[in-house]
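Asker: Structure: my_file34.txt, compact mmCIF, C-alpha atoms and all ligand atoms.
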# COMPACT_ATOMS: atom_id res chain seq x y z
CA MET A 1 40.14 40.99 236.24
CA ALA A 2 43.81 40.50 235.57
CA GLU A 3 42.82 40.01 231.98
CA ASN A 4 41.37 43.47 231.66
CA THR A 5 44.37 45.18 233.17
CA HIS A 6 46.61 43.38 230.77
CA LEU A 7 44.49 44.22 227.79
CA GLN A 8 44.50 47.88 228.78
CA GLU A 9 48.22 47.78 229.26
CA LEU A 10 48.64 46.34 225.76
CA GLU A 11 46.38 48.96 224.23
CA SER A 12 48.15 51.89 225.81
CA LEU A 13 51.49 50.40 224.84
CA ARG A 14 50.26 50.17 221.24
CA ASP A 15 48.91 53.72 221.24
CA ALA A 16 52.07 55.17 222.74
CA ALA A 17 54.24 53.25 220.30
CA ILE A 18 52.27 54.36 217.25
CA GLN A 19 52.15 57.95 218.37
CA GLU A 20 55.89 57.96 218.85
CA LEU A 21 56.37 56.30 215.47
CA GLU A 22 54.45 58.95 213.56
CA SER A 23 56.86 61.70 214.54
CA ILE A 24 60.10 59.83 213.72
CA PRO A 25 61.77 61.57 210.76
CA ASP A 26 64.48 59.14 209.62
CA GLU A 27 65.53 55.51 209.26
CA SER A 28 67.91 55.46 212.20
CA GLY A 29 65.08 56.74 214.41
CA LEU A 30 62.85 53.93 213.09
CA GLU A 31 65.48 51.37 213.99
CA ALA A 32 65.78 52.73 217.54
CA TRP A 33 61.97 52.55 217.83
CA ARG A 34 61.96 48.96 216.59
CA VAL A 35 64.52 47.98 219.22
CA GLU A 36 62.59 49.81 221.93
CA TYR A 37 59.27 48.02 221.28
CA LEU A 38 59.86 44.95 219.15
CA GLY A 39 63.49 44.13 219.97
CA ARG A 40 64.54 41.06 221.97
CA SER A 41 64.17 42.92 225.25
CA GLY A 42 61.70 45.47 223.89
CA LYS A 43 58.59 46.60 225.75
CA LEU A 44 56.10 44.50 223.77
CA THR A 45 58.34 41.48 223.79
CA GLN A 46 58.47 41.66 227.58
CA VAL A 47 54.71 41.78 227.84
CA LEU A 48 54.41 38.75 225.57
CA ARG A 49 56.97 36.88 227.66
CA GLY A 50 54.99 37.67 230.80
CA VAL A 51 51.97 35.80 229.40
CA SER A 52 53.30 32.48 230.68
CA THR A 53 53.01 33.69 234.28
CA LEU A 54 49.28 34.41 233.90
CA PRO A 55 46.48 32.10 235.02
CA ALA A 56 45.84 29.41 232.40
CA ASP A 57 42.45 30.74 231.28
CA ALA A 58 43.85 34.27 230.71
CA ARG A 59 46.82 33.17 228.61
CA PRO A 60 45.13 32.60 225.23
CA VAL A 61 43.24 35.90 225.35
CA ILE A 62 46.22 38.02 226.29
CA GLY A 63 48.54 36.04 224.00
CA ALA A 64 46.28 36.62 221.01
CA ALA A 65 45.82 40.31 221.83
CA GLY A 66 49.60 40.73 222.23
CA ASN A 67 50.28 39.15 218.87
CA LYS A 68 47.70 41.42 217.26
CA VAL A 69 49.50 44.45 218.69
CA LYS A 70 52.78 43.06 217.41
CA VAL A 71 51.41 42.64 213.89
CA ALA A 72 49.92 46.14 214.01
CA LEU A 73 53.20 47.72 215.11
CA GLU A 74 55.22 45.82 212.49
CA GLY A 75 52.78 46.83 209.78
CA ARG A 76 52.91 50.48 210.74
CA LEU A 77 56.71 50.36 210.92
CA GLY A 78 56.83 49.04 207.35
CA GLU A 79 54.60 51.88 206.17
CA ARG A 80 56.74 54.50 207.87
CA GLN A 81 59.91 53.01 206.35
CA ALA A 82 58.45 53.18 202.85
CA ALA A 83 57.23 56.73 203.43
CA ILE A 84 60.65 57.91 204.56
CA VAL A 85 62.45 56.32 201.57
CA ASN A 86 59.93 57.86 199.17
CA ALA A 87 60.31 61.28 200.73
CA ARG A 88 64.08 61.04 200.25
CA LEU A 89 63.73 60.05 196.56
CA ASP A 90 61.25 62.91 196.05
CA SER A 91 63.69 65.42 197.45
CA LEU A 92 66.43 64.10 195.09
CA ALA A 93 64.11 64.48 192.14
CA ASP A 94 63.41 68.08 193.20
CA ASP A 95 67.11 68.87 192.95
CA ALA A 96 68.50 70.47 189.81
CA ILE A 97 70.46 67.28 189.03
CA ASP A 98 68.87 64.82 186.66
CA ILE A 99 69.90 61.57 188.28
CA SER A 100 68.70 59.57 185.29
CA LEU A 101 71.36 61.05 182.97
CA PRO A 102 74.14 58.56 182.05
CA GLY A 103 77.57 59.32 183.56
CA ARG A 104 80.65 60.36 181.60
CA SER A 105 82.44 57.23 180.44
CA LEU A 106 86.20 56.91 181.02
CA ALA A 107 88.43 56.17 178.05
CA VAL A 108 89.85 52.66 178.47
CA GLY A 109 93.43 52.04 177.37
CA ARG A 110 94.42 49.03 175.30
CA LEU A 111 97.52 47.10 174.35
CA HIS A 112 99.56 48.13 171.32
CA PRO A 113 99.59 45.41 168.63
CA SER A 114 103.38 45.09 169.04
CA THR A 115 102.92 44.43 172.75
CA ILE A 116 100.25 41.82 172.08
CA ILE A 117 102.49 39.96 169.62
CA LEU A 118 105.60 40.25 171.82
CA ARG A 119 103.71 38.77 174.75
CA GLU A 120 102.37 35.95 172.57
CA ILE A 121 105.84 35.12 171.23
CA THR A 122 107.61 35.20 174.60
CA GLU A 123 104.79 33.19 176.18
CA ILE A 124 105.19 30.43 173.59
CA PHE A 125 108.94 30.19 174.21
CA ARG A 126 108.45 30.40 177.96
CA GLY A 127 106.23 27.35 177.58
CA MET A 128 109.15 25.56 175.91
CA GLY A 129 111.53 26.30 178.79
CA PHE A 130 113.16 29.52 177.53
CA GLN A 131 113.89 32.40 179.88
CA VAL A 132 112.95 35.94 178.85
CA VAL A 133 115.70 38.55 179.25
CA GLU A 134 116.19 42.10 178.01
CA GLY A 135 119.23 44.17 177.15
CA PRO A 136 120.39 47.71 176.38
CA GLU A 137 119.24 49.62 173.29
CA VAL A 138 122.36 51.79 173.38
CA GLU A 139 125.01 49.19 172.62
CA LEU A 140 128.75 48.91 172.08
CA ASP A 141 130.26 48.11 168.69
CA ARG A 142 131.96 45.27 170.52
CA TYR A 143 128.69 43.42 171.17
CA ASN A 144 126.63 44.59 168.19
CA PHE A 145 129.36 43.61 165.69
CA GLU A 146 132.74 42.40 166.85
CA ALA A 147 131.68 39.63 169.25
CA LEU A 148 129.32 38.47 166.49
CA ASN A 149 132.11 37.77 164.04
CA ILE A 150 131.72 41.12 162.23
CA PRO A 151 135.13 42.84 162.52
CA LYS A 152 135.70 46.51 161.77
CA ASP A 153 135.60 47.28 158.03
CA HIS A 154 133.99 43.91 157.32
CA PRO A 155 131.56 44.25 154.39
CA ALA A 156 128.85 42.45 156.43
CA ARG A 157 128.47 45.72 158.35
CA ASP A 158 126.64 47.00 155.27
CA MET A 159 123.77 44.66 156.19
CA PHE A 160 123.06 46.92 159.12
CA ASP A 161 122.59 50.63 158.47
CA THR A 162 123.70 51.94 161.80
CA PHE A 163 122.82 54.95 163.94
CA TRP A 164 126.14 55.83 165.56
CA ILE A 165 126.27 57.80 168.78
CA ASP A 166 128.96 60.46 168.64
CA ALA A 167 129.83 60.34 172.34
CA ASN A 168 132.86 58.04 172.44
CA LYS A 169 135.59 57.25 169.93
CA ASP A 170 138.34 54.66 169.95
CA ALA A 171 142.08 55.31 169.35
CA GLU A 172 141.53 55.31 165.57
CA GLY A 173 138.76 57.90 165.88
CA ARG A 174 135.87 55.51 165.22
CA PHE A 175 132.60 55.66 167.13
CA THR A 176 132.26 52.89 169.71
CA THR A 177 128.60 53.34 170.67
CA LEU A 178 125.46 52.83 168.60
CA LEU A 179 121.76 52.14 168.73
CA ARG A 180 121.69 48.36 168.45
CA THR A 181 120.79 47.24 164.94
CA HIS A 182 119.53 43.86 166.14
CA THR A 183 118.99 41.95 169.38
CA SER A 184 121.87 39.55 168.55
CA PRO A 185 124.38 41.45 170.75
CA MET A 186 122.49 39.93 173.68
CA GLN A 187 123.74 36.52 172.51
CA ALA A 188 127.28 37.62 173.38
CA ARG A 189 126.26 39.40 176.59
CA ILE A 190 124.36 36.38 177.90
CA MET A 191 127.07 33.85 177.02
CA GLU A 192 129.72 36.10 178.56
CA ALA A 193 127.79 36.29 181.83
CA HIS A 194 126.58 32.68 182.10
CA GLU A 195 127.74 29.12 181.65
CA PRO A 196 125.77 26.73 179.43
CA PRO A 197 123.14 25.36 179.32
CA ILE A 198 121.47 28.51 178.02
CA ARG A 199 117.97 28.89 176.65
CA VAL A 200 116.77 32.48 176.34
CA VAL A 201 114.60 34.72 174.23
CA VAL A 202 115.28 38.45 174.11
CA PRO A 203 112.50 40.82 173.05
CA GLY A 204 113.54 44.41 172.40
CA LYS A 205 113.69 47.46 170.20
CA VAL A 206 116.28 47.84 167.45
CA TYR A 207 117.20 50.70 165.12
CA ARG A 208 118.27 51.00 161.47
CA TYR A 209 119.34 54.11 159.65
CA GLU A 210 117.27 53.66 156.54
CA ALA A 211 114.53 55.30 154.49
CA THR A 212 111.09 54.23 155.65
CA ASP A 213 108.43 52.75 153.42
CA ALA A 214 105.58 50.27 153.77
CA THR A 215 107.96 47.49 154.77
CA HIS A 216 110.85 49.41 156.38
CA GLU A 217 110.96 51.37 159.61
CA SER A 218 113.93 52.94 161.37
CA GLN A 219 112.81 51.48 164.68
CA PHE A 220 111.16 48.13 165.24
CA TYR A 221 111.17 45.15 167.55
CA GLN A 222 113.04 41.89 167.35
CA VAL A 223 112.91 38.73 169.40
CA GLU A 224 116.23 36.94 169.61
CA GLY A 225 116.50 33.29 170.60
CA LEU A 226 119.57 31.42 171.82
CA ALA A 227 120.16 27.88 173.02
CA VAL A 228 123.65 26.63 173.90
CA ASP A 229 124.63 23.33 175.44
CA LYS A 230 126.61 20.18 174.70
CA GLY A 231 125.22 18.42 171.65
CA ILE A 232 122.76 21.04 170.34
CA THR A 233 122.14 20.34 166.65
CA PHE A 234 120.30 21.84 163.71
CA ALA A 235 117.53 19.32 164.38
CA ASN A 236 116.89 21.02 167.74
CA LEU A 237 116.61 24.37 165.94
CA LYS A 238 114.16 22.96 163.39
CA HIS A 239 112.00 21.35 166.03
CA THR A 240 111.91 24.44 168.24
CA LEU A 241 110.97 26.77 165.38
CA HIS A 242 108.42 24.36 163.95
CA GLU A 243 106.77 24.08 167.35
CA PHE A 244 106.75 27.87 167.63
CA ALA A 245 105.12 28.21 164.19
CA ARG A 246 102.47 25.64 165.03
CA ARG A 247 101.56 27.45 168.25
CA MET A 248 101.67 30.88 166.62
CA PHE A 249 100.07 30.21 163.25
CA GLY A 250 98.19 26.93 163.57
CA SER A 251 98.83 23.22 163.89
CA GLU A 252 99.06 22.48 160.15
CA ARG A 253 102.06 24.73 159.48
CA LYS A 254 104.89 23.58 157.22
CA MET A 255 108.29 25.15 157.43
CA ARG A 256 110.92 25.98 154.83
CA PHE A 257 114.60 26.55 155.52
CA ARG A 258 116.78 28.17 152.86
CA CYS A 259 120.46 28.98 153.05
CA ASP A 260 121.15 32.55 154.06
CA TYR A 261 124.16 34.45 155.31
CA PHE A 262 124.61 35.99 158.73
CA PRO A 263 128.22 36.30 159.93
CA PHE A 264 127.39 34.98 163.41
CA VAL A 265 125.83 31.66 162.35
CA GLU A 266 127.04 28.72 160.27
CA PRO A 267 125.06 27.34 158.61
CA GLY A 268 122.64 30.25 158.38
CA VAL A 269 119.08 30.07 157.11
CA ASP A 270 116.03 32.13 156.47
CA VAL A 271 112.90 30.51 157.74
CA SER A 272 109.48 30.60 156.08
CA ILE A 273 106.12 29.08 156.93
CA ASP A 274 103.48 28.06 154.41
CA CYS A 275 100.69 30.60 153.98
CA PHE A 276 97.99 30.16 156.61
CA ASN A 277 95.51 32.25 154.63
CA CYS A 278 95.33 30.48 151.26
CA ASP A 279 96.52 27.24 149.67
CA GLY A 280 99.60 29.00 148.35
CA THR A 281 98.41 29.62 144.81
CA ASP A 282 95.94 32.49 145.26
CA SER A 283 97.51 35.58 143.68
CA SER A 284 94.90 37.77 145.39
CA CYS A 285 95.82 36.45 148.87
CA ARG A 286 96.51 39.52 151.02
CA ILE A 287 99.10 37.62 153.05
CA CYS A 288 101.33 35.78 150.52
CA ARG A 289 100.02 37.13 147.18
CA GLY A 290 100.27 33.66 145.74
CA ALA A 291 103.88 33.04 146.78
CA GLY A 292 102.72 30.39 149.27
CA TRP A 293 105.57 31.10 151.71
CA LEU A 294 106.06 33.77 154.36
CA GLU A 295 109.53 34.60 155.63
CA ILE A 296 109.40 34.99 159.37
CA MET A 297 113.00 34.99 160.63
CA GLY A 298 116.72 34.42 160.25
CA ALA A 299 118.40 31.61 162.15
CA GLY A 300 121.33 29.23 162.26
CA MET A 301 123.93 27.42 164.34
CA VAL A 302 126.02 29.77 166.48
CA HIS A 303 129.32 30.37 164.64
CA PRO A 304 132.39 28.82 166.35
CA ASN A 305 134.07 32.25 166.31
CA VAL A 306 131.18 33.69 168.34
CA LEU A 307 131.53 30.88 170.88
CA ARG A 308 135.29 31.48 171.03
CA ASN A 309 134.80 35.24 171.45
CA VAL A 310 132.85 34.67 174.68
CA GLY A 311 135.28 32.04 175.97
CA TYR A 312 133.27 28.91 175.13
CA ASP A 313 135.07 25.94 173.56
CA PRO A 314 133.32 25.21 170.22
CA GLU A 315 134.61 21.62 170.43
CA VAL A 316 132.51 21.16 173.59
CA TYR A 317 129.53 23.43 173.12
CA SER A 318 127.23 24.18 170.23
CA GLY A 319 124.10 26.25 169.94
CA PHE A 320 121.42 27.66 167.73
CA ALA A 321 120.18 31.23 167.40
CA PHE A 322 117.30 32.93 165.67
CA GLY A 323 115.97 36.43 165.27
CA MET A 324 112.48 37.43 164.24
CA GLY A 325 110.51 40.63 163.68
CA PRO A 326 107.31 40.80 165.74
CA GLU A 327 105.85 43.62 163.62
CA ARG A 328 106.24 41.47 160.55
CA ILE A 329 104.52 38.60 162.35
CA ALA A 330 101.74 40.95 163.48
CA MET A 331 101.36 42.17 159.89
CA LEU A 332 100.96 38.59 158.69
CA LYS A 333 98.61 37.65 161.49
CA TYR A 334 96.36 40.69 161.35
CA GLY A 335 96.73 41.56 157.65
CA ILE A 336 98.39 44.95 158.32
CA GLU A 337 99.74 46.38 155.06
CA ASP A 338 102.07 49.17 156.22
CA VAL A 339 104.69 48.84 158.97
CA ARG A 340 104.62 52.62 159.52
CA LEU A 341 101.19 52.24 161.15
CA PHE A 342 102.87 50.73 164.22
CA TYR A 343 104.50 54.05 165.16
CA GLY A 344 102.04 56.41 163.49
CA ASN A 345 100.00 56.93 166.69
CA ASP A 346 96.79 56.88 164.68
CA MET A 347 94.04 55.97 167.13
CA ARG A 348 91.85 54.61 164.33
CA PHE A 349 94.53 51.95 163.78
CA LEU A 350 95.37 51.30 167.44
CA ARG A 351 91.75 51.00 168.53
CA GLN A 352 91.32 47.94 166.34
CA PHE A 353 93.35 45.73 168.69
N1 LIG B 401 120.18 39.44 163.82
C1 LIG B 401 119.73 39.02 162.51
C2 LIG B 401 119.07 40.21 161.81
O1 LIG B 401 118.78 41.19 162.46
C3 LIG B 401 118.75 37.88 162.60
C4 LIG B 401 119.39 36.61 163.08
C5 LIG B 401 119.46 36.34 164.43
C6 LIG B 401 119.92 35.68 162.19
C7 LIG B 401 120.05 35.16 164.88
C8 LIG B 401 120.47 34.53 162.62
C9 LIG B 401 120.56 34.26 163.95
O2 LIG B 401 118.84 40.20 160.63
Could you quickly redo this structure as structure tokens?
Ligand code: PHE

Answerer:
Amino acid sequence: MAENTHLQELESLRDAAIQELESIPDESGLEAWRVEYLGRSGKLTQVLRGVSTLPADARPVIGAAGNKVKVALEGRLGERQAAIVNARLDSLADDAIDISLPGRSLAVGRLHPSTIILREITEIFRGMGFQVVEGPEVELDRYNFEALNIPKDHPARDMFDTFWIDANKDAEGRFTTLLRTHTSPMQARIMEAHEPPIRVVVPGKVYRYEATDATHESQFYQVEGLAVDKGITFANLKHTLHEFARRMFGSERKMRFRCDYFPFVEPGVDVSIDCFNCDGTDSSCRICRGAGWLEIMGAGMVHPNVLRNVGYDPEVYSGFAFGMGPERIAMLKYGIEDVRLFYGNDMRFLRQF
């Protein structure tokens, strides 16, 4: 008897649940329905729990019937869910928008080749214990020339075709301000502000008043290097630069030092590496054209006068300095033939990096 009542109860529960389900229009309604009937304290769940209180012979019958109802409700719920999702997709497709069209792509920026090379260079020196510092592009004659052992009217000034700034003049009527012609003035600024030991590299823009061609620009980058301490020798310079060349251009690099003149170093050298593109004899090599050597920087031991000018005792301290052109290094590395491309703003060039 009890059996029959329970079976009827289950049936009417099922019918009511399914009827209710058919009229639910959306997914949140479906979820509320699921909780109401199938949830942990839902109506069907309660009936199923009540089975254990029934007489032993009634339990299997009612239990099985209850589970059947549960499966039926779950199945119908799944169908309703699918139907609602499909109806939503259909209504999107009816809209005027073609959702299968690809979106508009955003233009992605990229690094300028000079930036890439500057980061590579500074990263290598950072790895060797150098600090990276920057300095002003508008510079005083005092730092750009005088502190660097290049007095007024010294012929070495002809090495640097200078953009003067006509804002300030000294007592003799000479301009005192300029666009720095090299990053070397930072040597003096750093030594003036700090005590040794010093190990720094200085990336930055420099300016020269000269006609431009494939190998000359009026603005370009330099990276200056400076190390000062007790007992720094030319051997330290050679090792540091050789290590730099190996990391920048490959582990097999040879290096060549030739005497050169810069007023702020003694001795002064220009530094070349052996061609990394050919064996040094290939006249069609786009990098060295058969010369076998590539000049990559000027360098030398800091001149005693420069040390004196910043208040260091040259009997106690010594140092080395170097200055390189990142654009030139990028040209060698990437096979770029014209330095004017760096500031030409031609996207066809810039997109290649
Ligand atoms: N400042 C020099 C130049 O611009 C390069 C250089 C730097 C040379 C440091 C020697 C030492 O040509």

Asker: Check which residues of chain A sit at most 9 Å from ligand LIG 401 (chain B) using only C-alpha atoms and all ligand atoms, and return one row each with the closest pair of atoms and their distance in Å to one decimal, ordered by chain and rising number, as a Markdown table.

Answerer:
| residue | atom | partner | partner_atom | distance |
| --- | --- | --- | --- | --- |
| A:Met159 | CA | B:LIG401 | O2 | 8.0 |
| A:Phe160 | CA | B:LIG401 | O1 | 7.9 |
| A:Thr181 | CA | B:LIG401 | O1 | 6.8 |
| A:His182 | CA | B:LIG401 | O1 | 4.6 |
| A:Thr183 | CA | B:LIG401 | N1 | 6.2 |
| A:Ser184 | CA | B:LIG401 | N1 | 5.0 |
| A:Pro185 | CA | B:LIG401 | N1 | 8.3 |
| A:Gln187 | CA | B:LIG401 | C7 | 8.6 |
| A:Val206 | CA | B:LIG401 | O1 | 8.7 |
| A:Gln222 | CA | B:LIG401 | O1 | 7.6 |
| A:Val223 | CA | B:LIG401 | C5 | 8.6 |
| A:Glu224 | CA | B:LIG401 | C5 | 6.1 |
| A:Gly225 | CA | B:LIG401 | C7 | 7.0 |
| A:Leu226 | CA | B:LIG401 | C7 | 7.9 |
| A:Asp260 | CA | B:LIG401 | C6 | 8.8 |
| A:Tyr261 | CA | B:LIG401 | C6 | 8.2 |
| A:Phe262 | CA | B:LIG401 | C6 | 5.8 |
| A:Pro263 | CA | B:LIG401 | C8 | 8.4 |
| A:Phe264 | CA | B:LIG401 | C9 | 6.9 |
| A:Val265 | CA | B:LIG401 | C8 | 6.1 |
| A:Gly268 | CA | B:LIG401 | C8 | 6.4 |
| A:Val269 | CA | B:LIG401 | C8 | 7.2 |
| A:Asp270 | CA | B:LIG401 | C6 | 7.8 |
| A:Met297 | CA | B:LIG401 | C3 | 6.7 |
| A:Gly298 | CA | B:LIG401 | C6 | 3.9 |
| A:Ala299 | CA | B:LIG401 | C8 | 3.6 |
| A:Gly300 | CA | B:LIG401 | C9 | 5.4 |
| A:Met301 | CA | B:LIG401 | C9 | 7.6 |
| A:Val302 | CA | B:LIG401 | C9 | 7.5 |
| A:Phe320 | CA | B:LIG401 | C9 | 7.7 |
| A:Ala321 | CA | B:LIG401 | C9 | 4.6 |
| A:Phe322 | CA | B:LIG401 | C7 | 3.6 |
| A:Gly323 | CA | B:LIG401 | C5 | 3.6 |
| A:Met324 | CA | B:LIG401 | C3 | 6.5 |
| A:Gly325 | CA | B:LIG401 | O1 | 8.4 |

Asker: Restricted to C-alpha atoms, what would the selected residues look like written as a PDB file, in the frame of the given file?

Answerer:
ATOM      1  CA  MET A 159     123.770  44.660 156.190  1.00  0.00           C
ATOM      2  CA  PHE A 160     123.060  46.920 159.120  1.00  0.00           C
ATOM      3  CA  THR A 181     120.790  47.240 164.940  1.00  0.00           C
ATOM      4  CA  HIS A 182     119.530  43.860 166.140  1.00  0.00           C
ATOM      5  CA  THR A 183     118.990  41.950 169.380  1.00  0.00           C
ATOM      6  CA  SER A 184     121.870  39.550 168.550  1.00  0.00           C
ATOM      7  CA  PRO A 185     124.380  41.450 170.750  1.00  0.00           C
ATOM      8  CA  GLN A 187     123.740  36.520 172.510  1.00  0.00           C
ATOM      9  CA  VAL A 206     116.280  47.840 167.450  1.00  0.00           C
ATOM     10  CA  GLN A 222     113.040  41.890 167.350  1.00  0.00           C
ATOM     11  CA  VAL A 223     112.910  38.730 169.400  1.00  0.00           C
ATOM     12  CA  GLU A 224     116.230  36.940 169.610  1.00  0.00           C
ATOM     13  CA  GLY A 225     116.500  33.290 170.600  1.00  0.00           C
ATOM     14  CA  LEU A 226     119.570  31.420 171.820  1.00  0.00           C
ATOM     15  CA  ASP A 260     121.150  32.550 154.060  1.00  0.00           C
ATOM     16  CA  TYR A 261     124.160  34.450 155.310  1.00  0.00           C
ATOM     17  CA  PHE A 262     124.610  35.990 158.730  1.00  0.00           C
ATOM     18  CA  PRO A 263     128.220  36.300 159.930  1.00  0.00           C
ATOM     19  CA  PHE A 264     127.390  34.980 163.410  1.00  0.00           C
ATOM     20  CA  VAL A 265     125.830  31.660 162.350  1.00  0.00           C
ATOM     21  CA  GLY A 268     122.640  30.250 158.380  1.00  0.00           C
ATOM     22  CA  VAL A 269     119.080  30.070 157.110  1.00  0.00           C
ATOM     23  CA  ASP A 270     116.030  32.130 156.470  1.00  0.00           C
ATOM     24  CA  MET A 297     113.000  34.990 160.630  1.00  0.00           C
ATOM     25  CA  GLY A 298     116.720  34.420 160.250  1.00  0.00           C
ATOM     26  CA  ALA A 299     118.400  31.610 162.150  1.00  0.00           C
ATOM     27  CA  GLY A 300     121.330  29.230 162.260  1.00  0.00           C
ATOM     28  CA  MET A 301     123.930  27.420 164.340  1.00  0.00           C
ATOM     29  CA  VAL A 302     126.020  29.770 166.480  1.00  0.00           C
ATOM     30  CA  PHE A 320     121.420  27.660 167.730  1.00  0.00           C
ATOM     31  CA  ALA A 321     120.180  31.230 167.400  1.00  0.00           C
ATOM     32  CA  PHE A 322     117.300  32.930 165.670  1.00  0.00           C
ATOM     33  CA  GLY A 323     115.970  36.430 165.270  1.00  0.00           C
ATOM     34  CA  MET A 324     112.480  37.430 164.240  1.00  0.00           C
ATOM     35  CA  GLY A 325     110.510  40.630 163.680  1.00  0.00           C
TER      36      GLY A 325
END

Asker: Which residue gives the smallest distance to A:Phe163 among A:Arg180, A:Arg246, A:Arg80, A:Arg256, with all atoms listed in the file counted?

Answerer: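 The shortest atom-to-atom distance to A:Phe163 comes from A:Arg180.
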
Asker: Tell me, in Å to one decimal, how far atom CA of A:Gly78 is from atom CA of A:Asp26.

Answerer: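 Atom-to-atom, atom CA of A:Gly78 to atom CA of A:Asp26, that is 12.9 Å.
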
Asker: So, with only C-alpha atoms as the atoms that count, which of A:Lys68, A:Glu22, A:Leu38, A:Glu79 lies closest to A:Leu7?

Answerer: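 Of all the options, A:Lys68 lies closest to A:Leu7.
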
Asker: Excluding A:Val69 and any residue of its chain fewer than 2 positions from it, enumerate the residues within 9 Å of it, using all atoms listed in the file, and give them as a short mmCIF file (atom, residue, chain, number, x, y, z; two decimals) with C-alpha atoms, keeping the file's coordinate frame.

Answerer:
data_model
loop_
_atom_site.label_atom_id
_atom_site.label_comp_id
_atom_site.auth_asym_id
_atom_site.auth_seq_id
_atom_site.Cartn_x
_atom_site.Cartn_y
_atom_site.Cartn_z
CA LEU A 10 48.64 46.34 225.76
CA GLU A 11 46.38 48.96 224.23
CA LEU A 13 51.49 50.40 224.84
CA ARG A 14 50.26 50.17 221.24
CA LEU A 44 56.10 44.50 223.77
CA ALA A 64 46.28 36.62 221.01
CA ALA A 65 45.82 40.31 221.83
CA GLY A 66 49.60 40.73 222.23
CA ASN A 67 50.28 39.15 218.87
CA VAL A 71 51.41 42.64 213.89
CA ALA A 72 49.92 46.14 214.01
CA LEU A 73 53.20 47.72 215.11
CA GLU A 74 55.22 45.82 212.49
#
